[in-house]
file entry15.cif (mmCIF, C-alpha atoms)
data_structure
#
loop_
_atom_site.label_atom_id
_atom_site.label_comp_id
_atom_site.auth_asym_id
_atom_site.auth_seq_id
_atom_site.Cartn_x
_atom_site.Cartn_y
_atom_site.Cartn_z
CA MET A 5 81.55 65.40 118.03
CA VAL A 6 85.15 66.51 117.50
CA ASN A 7 87.74 64.90 119.75
CA PRO A 8 90.37 67.62 120.35
CA GLU A 9 92.92 64.99 121.39
CA THR A 10 92.86 63.16 118.04
CA ALA A 11 91.26 65.40 115.40
CA SER A 12 93.46 66.37 112.47
CA LYS A 13 90.69 67.99 110.42
CA ILE A 14 87.95 70.18 111.88
CA LEU A 15 84.94 70.59 109.62
CA LEU A 16 81.75 72.63 109.63
CA ASP A 17 78.50 71.49 108.10
CA GLU A 18 77.00 73.69 105.38
CA SER A 19 74.28 74.62 107.86
CA GLU A 20 76.97 76.03 110.17
CA MET A 21 78.52 78.34 107.58
CA PRO A 22 78.49 82.00 108.65
CA THR A 23 75.84 84.09 106.90
CA GLN A 24 77.42 87.48 107.61
CA TRP A 25 80.76 89.12 106.84
CA TYR A 26 82.53 91.00 109.63
CA ASN A 27 83.47 94.64 109.01
CA ILE A 28 86.54 95.57 111.04
CA VAL A 29 85.94 99.28 110.40
CA ALA A 30 83.20 99.17 113.04
CA ASP A 31 85.74 98.30 115.73
CA LEU A 32 88.76 100.37 114.72
CA PRO A 33 89.72 102.98 117.35
CA VAL A 34 90.17 105.52 114.54
CA PRO A 35 88.37 105.25 111.19
CA PRO A 36 90.61 104.76 108.17
CA PRO A 37 91.34 107.85 106.07
CA PRO A 38 89.17 108.30 102.98
CA ALA A 39 90.40 107.27 99.55
CA LEU A 40 91.75 110.21 97.56
CA HIS A 41 90.82 111.05 93.99
CA PRO A 42 93.98 110.54 91.87
CA GLY A 43 93.33 113.75 89.93
CA THR A 44 92.23 116.21 92.61
CA HIS A 45 93.84 114.50 95.65
CA GLU A 46 90.63 115.29 97.51
CA PRO A 47 88.50 112.64 99.29
CA ALA A 48 86.69 110.57 96.68
CA GLY A 49 82.91 110.24 96.86
CA PRO A 50 80.50 107.60 95.55
CA GLU A 51 80.21 109.43 92.23
CA ASP A 52 83.96 109.00 91.69
CA PHE A 53 83.74 105.22 92.18
CA ALA A 54 80.51 104.75 90.19
CA PRO A 55 82.20 104.24 86.76
CA LEU A 56 84.19 101.32 88.25
CA PHE A 57 82.08 99.59 90.91
CA PRO A 58 78.38 98.83 91.52
CA MET A 59 76.67 100.88 94.22
CA ALA A 60 76.33 97.87 96.54
CA LEU A 61 80.13 97.53 96.70
CA ILE A 62 80.63 101.27 97.07
CA GLU A 63 78.27 101.18 100.06
CA GLN A 64 80.24 98.29 101.57
CA GLU A 65 83.48 100.18 101.00
CA VAL A 66 82.34 103.02 103.29
CA SER A 67 80.08 101.06 105.66
CA THR A 68 80.56 101.24 109.43
CA GLU A 69 78.13 98.39 110.16
CA ARG A 70 79.79 95.59 112.17
CA TYR A 71 78.10 92.79 110.23
CA ILE A 72 76.86 92.70 106.65
CA ASP A 73 74.55 89.92 105.45
CA ILE A 74 75.86 87.57 102.76
CA PRO A 75 73.21 87.37 100.00
CA GLY A 76 71.61 84.00 99.32
CA GLY A 77 72.85 84.11 95.74
CA VAL A 78 76.42 84.29 97.07
CA LEU A 79 75.93 81.64 99.75
CA ASP A 80 74.66 79.22 97.13
CA VAL A 81 77.93 79.51 95.21
CA TYR A 82 80.07 79.54 98.38
CA LYS A 83 78.60 76.14 99.23
CA LEU A 84 80.43 74.60 96.26
CA TRP A 85 83.53 74.61 98.49
CA ARG A 86 82.73 76.27 101.79
CA PRO A 87 83.03 75.82 104.70
CA SER A 88 86.73 75.16 104.13
CA PRO A 89 88.60 72.79 106.49
CA LEU A 90 90.75 73.75 109.46
CA TYR A 91 93.66 71.36 109.94
CA ARG A 92 95.69 70.52 113.02
CA ALA A 93 99.30 70.09 111.83
CA ARG A 94 100.15 67.27 114.23
CA ARG A 95 103.08 65.90 112.22
CA LEU A 96 104.65 69.35 111.99
CA GLU A 97 104.24 69.78 115.73
CA LYS A 98 106.03 66.46 116.23
CA LEU A 99 108.81 67.36 113.79
CA LEU A 100 109.38 70.68 115.55
CA ASP A 101 109.14 69.01 118.97
CA THR A 102 106.98 71.90 120.11
CA PRO A 103 104.32 72.07 122.82
CA ALA A 104 102.42 74.50 120.59
CA LYS A 105 99.26 73.47 118.77
CA ILE A 106 99.51 74.47 115.09
CA TYR A 107 96.36 74.93 113.01
CA TYR A 108 96.01 76.10 109.43
CA LYS A 109 92.95 77.13 107.43
CA TYR A 110 93.04 75.61 103.95
CA GLU A 111 91.56 77.74 101.16
CA GLY A 112 92.92 75.64 98.28
CA VAL A 113 89.62 73.72 98.08
CA SER A 114 87.99 76.52 96.07
CA PRO A 115 87.32 75.87 92.36
CA SER A 116 90.10 78.24 91.31
CA GLY A 117 92.46 76.97 93.99
CA SER A 118 92.81 80.08 96.14
CA HIS A 119 91.06 82.30 98.68
CA LYS A 120 90.31 84.89 95.99
CA THR A 121 86.97 83.33 95.06
CA ASN A 122 85.68 84.53 98.44
CA THR A 123 85.49 88.04 96.96
CA SER A 124 85.24 87.37 93.22
CA VAL A 125 81.87 85.67 93.74
CA PRO A 126 80.17 88.53 95.63
CA GLN A 127 81.72 91.10 93.29
CA ALA A 128 80.27 89.30 90.27
CA TYR A 129 76.94 88.84 92.08
CA TYR A 130 76.48 92.52 92.97
CA ASN A 131 77.45 93.65 89.48
CA HIS A 132 75.01 91.16 87.97
CA GLN A 133 72.25 92.40 90.27
CA GLU A 134 72.78 95.92 88.95
CA GLY A 135 72.56 94.86 85.32
CA ILE A 136 76.27 94.81 84.53
CA THR A 137 77.08 92.20 81.88
CA LYS A 138 80.90 92.29 81.80
CA LEU A 139 83.79 92.65 84.25
CA THR A 140 87.37 93.59 83.46
CA THR A 141 90.38 93.02 85.65
CA GLU A 142 94.12 92.50 85.79
CA THR A 143 96.06 89.50 87.05
CA GLY A 144 99.68 88.80 87.83
CA ALA A 145 100.28 85.12 88.50
CA GLY A 146 96.75 84.35 87.33
CA GLN A 147 95.01 83.51 90.61
CA TRP A 148 92.77 86.56 90.67
CA GLY A 149 92.00 86.32 86.97
CA SER A 150 90.95 82.69 87.29
CA ALA A 151 88.88 83.44 90.41
CA LEU A 152 86.99 86.20 88.61
CA ALA A 153 86.53 84.05 85.49
CA PHE A 154 84.95 81.36 87.68
CA ALA A 155 82.71 83.91 89.41
CA THR A 156 81.42 85.59 86.26
CA ALA A 157 80.64 82.17 84.79
CA GLN A 158 78.27 81.53 87.71
CA TYR A 159 76.13 84.52 86.78
CA GLY A 160 76.35 84.35 82.98
CA MET A 161 78.62 87.40 82.65
CA GLU A 162 81.53 88.17 80.36
CA CYS A 163 85.04 88.51 81.78
CA GLU A 164 88.06 90.21 80.21
CA VAL A 165 91.46 89.81 81.86
CA TRP A 166 94.75 91.61 81.23
CA GLN A 167 97.54 89.32 82.44
CA VAL A 168 101.04 90.71 83.03
CA ALA A 169 102.93 89.75 79.85
CA ALA A 170 105.77 87.92 81.61
CA SER A 171 103.21 85.80 83.47
CA TYR A 172 101.06 85.34 80.36
CA ARG A 173 104.05 83.74 78.63
CA ALA A 174 105.27 81.77 81.66
CA LYS A 175 101.93 80.43 82.94
CA PRO A 176 99.90 79.10 79.99
CA TYR A 177 97.87 76.76 82.18
CA ARG A 178 96.48 79.62 84.27
CA ARG A 179 95.46 81.29 81.03
CA THR A 180 93.78 78.07 79.93
CA MET A 181 91.87 77.89 83.22
CA MET A 182 90.51 81.41 82.72
CA GLU A 183 89.52 80.63 79.13
CA ILE A 184 87.74 77.41 80.12
CA TRP A 185 85.48 79.54 82.34
CA GLY A 186 84.79 81.80 79.37
CA ALA A 187 87.19 84.71 79.98
CA SER A 188 89.06 86.59 77.27
CA VAL A 189 92.72 86.89 78.30
CA HIS A 190 95.24 89.38 76.90
CA ALA A 191 98.95 89.82 77.52
CA SER A 192 99.55 93.25 79.05
CA PRO A 193 100.62 95.62 77.63
CA SER A 194 98.26 94.89 74.75
CA GLU A 195 97.36 96.35 71.39
CA LEU A 196 93.77 96.81 72.62
CA THR A 197 94.33 100.05 74.55
CA GLU A 198 96.03 103.31 73.74
CA PHE A 199 98.33 102.97 76.74
CA GLY A 200 99.27 99.42 75.78
CA ARG A 201 100.01 100.34 72.18
CA LYS A 202 102.26 103.20 73.34
CA LEU A 203 104.31 100.89 75.55
CA LEU A 204 104.62 98.18 72.90
CA ALA A 205 105.79 100.75 70.36
CA GLU A 206 108.61 101.63 72.73
CA ASN A 207 109.40 97.99 73.61
CA PRO A 208 107.72 95.14 71.69
CA ASP A 209 108.95 92.67 74.34
CA HIS A 210 107.69 94.69 77.30
CA PRO A 211 107.34 92.33 80.32
CA GLY A 212 104.40 94.29 81.70
CA SER A 213 103.44 95.06 85.29
CA LEU A 214 100.34 94.98 87.47
CA GLY A 215 100.10 98.77 87.22
CA ILE A 216 100.01 98.60 83.43
CA ALA A 217 97.45 95.78 83.46
CA ILE A 218 95.25 97.71 85.91
CA SER A 219 95.37 100.77 83.66
CA GLU A 220 94.29 98.73 80.64
CA ALA A 221 91.45 96.98 82.50
CA VAL A 222 90.18 100.26 83.97
CA SER A 223 90.28 102.09 80.64
CA GLU A 224 88.10 99.40 79.06
CA ALA A 225 85.65 99.38 81.98
CA VAL A 226 84.97 103.11 81.98
CA ALA A 227 84.35 103.13 78.22
CA ASP A 228 81.21 100.94 78.44
CA PRO A 229 78.24 101.59 80.78
CA LYS A 230 77.50 97.85 80.96
CA THR A 231 81.08 97.03 82.04
CA ARG A 232 82.69 97.45 85.43
CA TYR A 233 86.10 96.75 86.94
CA ALA A 234 86.86 94.23 89.71
CA LEU A 235 89.84 94.34 92.08
CA GLY A 236 91.06 91.34 94.03
CA SER A 237 92.76 92.96 97.01
CA VAL A 238 93.50 96.24 98.84
CA LEU A 239 89.95 97.66 99.08
CA ASN A 240 87.85 97.36 102.23
CA HIS A 241 85.00 95.51 100.55
CA VAL A 242 87.52 92.86 99.48
CA LEU A 243 88.73 92.45 103.07
CA LEU A 244 85.09 92.32 104.16
CA HIS A 245 84.36 89.36 101.88
CA GLN A 246 87.48 87.52 103.01
CA THR A 247 86.35 87.55 106.65
CA ILE A 248 84.34 84.42 105.89
CA ILE A 249 87.70 82.67 106.50
CA GLY A 250 88.10 83.99 110.03
CA GLU A 251 84.43 83.65 110.92
CA GLU A 252 84.59 79.96 110.02
CA ALA A 253 87.89 79.54 111.88
CA LEU A 254 86.34 80.90 115.08
CA LEU A 255 83.57 78.31 114.91
CA GLN A 256 86.02 75.51 114.12
CA LEU A 257 88.41 76.42 116.94
CA ALA A 258 85.46 76.52 119.33
CA LYS A 259 84.75 72.88 118.47
CA VAL A 260 88.11 71.91 119.98
CA GLY A 261 88.07 74.51 122.74
CA ASP A 262 91.02 76.54 121.46
CA VAL A 263 91.73 80.23 120.97
CA PRO A 264 94.92 81.19 119.07
CA ASP A 265 97.74 83.07 120.76
CA VAL A 266 99.60 83.85 117.51
CA LEU A 267 98.37 84.29 113.94
CA VAL A 268 100.69 83.90 110.96
CA GLY A 269 99.89 84.67 107.34
CA CYS A 270 101.28 86.06 104.11
CA THR A 271 100.45 89.68 103.35
CA GLY A 272 100.51 91.32 99.93
CA GLY A 273 97.44 93.48 99.43
CA GLY A 274 96.33 92.31 102.88
CA SER A 275 93.00 90.61 102.28
CA ASN A 276 94.33 87.06 102.75
CA PHE A 277 95.79 87.60 106.22
CA GLY A 278 93.18 90.20 107.14
CA GLY A 279 90.35 87.83 106.28
CA LEU A 280 91.64 85.38 108.85
CA ALA A 281 93.02 87.78 111.42
CA SER A 282 90.35 90.48 111.78
CA PRO A 283 87.47 88.22 112.93
CA VAL A 284 89.75 86.03 115.09
CA LEU A 285 91.43 88.98 116.79
CA ALA A 286 88.13 90.76 117.31
CA GLY A 287 86.55 87.57 118.62
CA LYS A 288 89.34 87.06 121.14
CA VAL A 289 89.63 90.56 122.56
CA GLY A 290 86.02 91.71 122.22
CA ARG A 291 84.67 93.40 119.13
CA GLN A 292 84.47 96.83 120.70
CA ASP A 293 87.97 96.75 122.16
CA GLU A 294 91.17 97.77 120.44
CA PRO A 295 92.80 94.70 118.81
CA ASP A 296 95.88 93.27 120.53
CA ASP A 297 98.74 93.50 117.99
CA SER A 298 100.76 90.92 119.94
CA LEU A 299 98.49 88.22 118.48
CA CYS A 300 99.82 88.76 114.93
#
call {"tool": "encode", "arguments": {"input": "entry15.cif", "output": "structure tokens"}}
result
Amino acid sequence: MVNPETASKILLDESEMPTQWYNIVADLPVPPPPALHPGTHEPAGPEDFAPLFPMALIEQEVSTERYIDIPGGVLDVYKLWRPSPLYRARRLEKLLDTPAKIYYKYEGVSPSGSHKTNTSVPQAYYNHQEGITKLTTETGAGQWGSALAFATAQYGMECEVWQVAASYRAKPYRRTMMEIWGASVHASPSELTEFGRKLLAENPDHPGSLGIAISEAVSEAVADPKTRYALGSVLNHVLLHQTIIGEEALLQLAKVGDVPDVLVGCTGGGSNFGGLASPVLAGKVGRQDEPDDSLC
């Protein structure tokens, strides 16, 4: 039993780990607008995404089902570090002299050290199930690249990563981590793609950017029918996979009889904060009600 008066760390047993992801699209008052094809600017269909993503992920991207089962082959890998702990920051509360209870969900226990493995693992799994043997991607600081390298290693797949050149030079240990898991890592822009060669001809010391690295990774993926591209944020199926964070947090908070009044999180592409916030908000206000923005 968890004593809410003294507990600093709230844990779940493996048997208590959620077995479904939560899809916030099912409870939005208005469905999100469709993705647009970059060439035609018309709504993109499954055939437009097929050169980049496996059909299982395309189906998740457009699904309106409230819950989607987590495959056993993903749960088995998740159990290497999940469920992740929920901490009560008692010393911070004391330092701030606040009556508030402060909790934080710690995702640094994953093999790659970040929350990104929550989606890299299912992305690798679904690609592997459809016979894909290699994934390409981009990475900035190296977190997503290392998460995908870990994931592809679990299913015996190849991984090729284009790392923003400035980061590639500044963060050699992240590159080493990716390579230990079997990934090939290139500074971007690179000599391996037409776009990269063009940029390097103009500036041999080009620092690179995520946009350039994405372009290189995508161009390599579409050139080989056994290769696909993986993206670590932004897309709905990525947010879907990250809801394992919030689903666990709901169960952990229930153990101490608490429901949060305010949620705080960093937001770049959105999947980190969204993975925590969407299940917790929906759980508090009722999954068929409009979420209360005052909680964020």
call {"tool": "atom_distance", "arguments": {"input": "entry15.cif", "atom1": "CA of Cys270 (chain A)", "atom2": "CA of Ser124 (chain A)"}}
result
19.4 Å
call {"tool": "resolve_selection", "arguments": {"input": "entry15.cif", "expression": "the PyMOL selection byres ((chain A and resi 221-231) around 7)", "output": "NGL selection string"}}
result
:A and (55-56 or 136-142 or 166 or 217-220 or 232-233)
call {"tool": "closest_residue", "arguments": {"input": "entry15.cif", "among": "A:Ile184, A:Ala253, A:Ala54, A:Ala145", "to": "Tyr172 (chain A)", "atoms": "only C-alpha atoms"}}
result
A:Ala145
call {"tool": "resolve_selection", "arguments": {"input": "entry15.cif", "expression": "the PyMOL selection byres ((chain A and resi 190) around 7)", "output": "number ranges by chain"}}
result
A: 165-167, 188-189, 191-192, 194
call {"tool": "residues_around", "arguments": {"input": "entry15.cif", "residues": "region 208-214 of chain A", "least_positions_apart": "5", "cutoff": "7 Å", "atoms": "only C-alpha atoms", "output": "PyMOL selection string"}}
result
chain A and resi 142-144+168-170+192-193
call {"tool": "residues_around", "arguments": {"input": "entry15.cif", "residues": "Leu84 (chain A)", "least_positions_apart": "6", "cutoff": "12 Å", "atoms": "all atoms listed in the file", "output": "PDB file with C-alpha atoms, in the frame of the given file"}}
result
ATOM      1  CA  GLU A  18      77.000  73.690 105.380  1.00  0.00           C
ATOM      2  CA  VAL A  78      76.420  84.290  97.070  1.00  0.00           C
ATOM      3  CA  VAL A 113      89.620  73.720  98.080  1.00  0.00           C
ATOM      4  CA  SER A 114      87.990  76.520  96.070  1.00  0.00           C
ATOM      5  CA  PRO A 115      87.320  75.870  92.360  1.00  0.00           C
ATOM      6  CA  SER A 116      90.100  78.240  91.310  1.00  0.00           C
ATOM      7  CA  THR A 121      86.970  83.330  95.060  1.00  0.00           C
ATOM      8  CA  ASN A 122      85.680  84.530  98.440  1.00  0.00           C
ATOM      9  CA  VAL A 125      81.870  85.670  93.740  1.00  0.00           C
ATOM     10  CA  PHE A 154      84.950  81.360  87.680  1.00  0.00           C
ATOM     11  CA  ALA A 155      82.710  83.910  89.410  1.00  0.00           C
ATOM     12  CA  GLN A 158      78.270  81.530  87.710  1.00  0.00           C
TER      13      GLN A 158
END
call {"tool": "closest_residue", "arguments": {"input": "entry15.cif", "among": "A:Ile249, A:Met182, A:Met21, A:Ala234", "to": "Tyr129 (chain A)", "atoms": "only C-alpha atoms"}}
result
A:Ala234
call {"tool": "closest_residue", "arguments": {"input": "entry15.cif", "among": "A:Thr123, A:Thr44, A:Thr23, A:Ser88", "to": "Pro75 (chain A)", "atoms": "only C-alpha atoms"}}
result
A:Thr23
call {"tool": "resolve_selection", "arguments": {"input": "entry15.cif", "expression": "the PyMOL selection byres ((chain A and resi 238-247) around 10)", "output": "ChimeraX atom specification"}}
result
/A:22,24-29,36,39,60-67,71-72,74,119-127,234-237,248-253,272-284
call {"tool": "atom_distance", "arguments": {"input": "entry15.cif", "atom1": "CA of Glu164 (chain A)", "atom2": "CA of Gln133 (chain A)"}}
result
18.9 Å
call {"tool": "residues_around", "arguments": {"input": "entry15.cif", "residues": "Pro8 (chain A)", "least_positions_apart": "2", "cutoff": "12 Å", "atoms": "all atoms listed in the file", "output": "VMD selection string"}}
result
chain A and resid 5 to 6 10 to 14 91 to 92 94 105 107 256 to 262
call {"tool": "atom_distance", "arguments": {"input": "entry15.cif", "atom1": "CA of Pro38 (chain A)", "atom2": "CA of Ser118 (chain A)"}}
result
29.3 Å
call {"tool": "closest_residue", "arguments": {"input": "entry15.cif", "among": "A:Val81, A:Cys163, A:Leu90, A:Ala151", "to": "Leu16 (chain A)", "atoms": "all atoms listed in the file"}}
result
A:Leu90
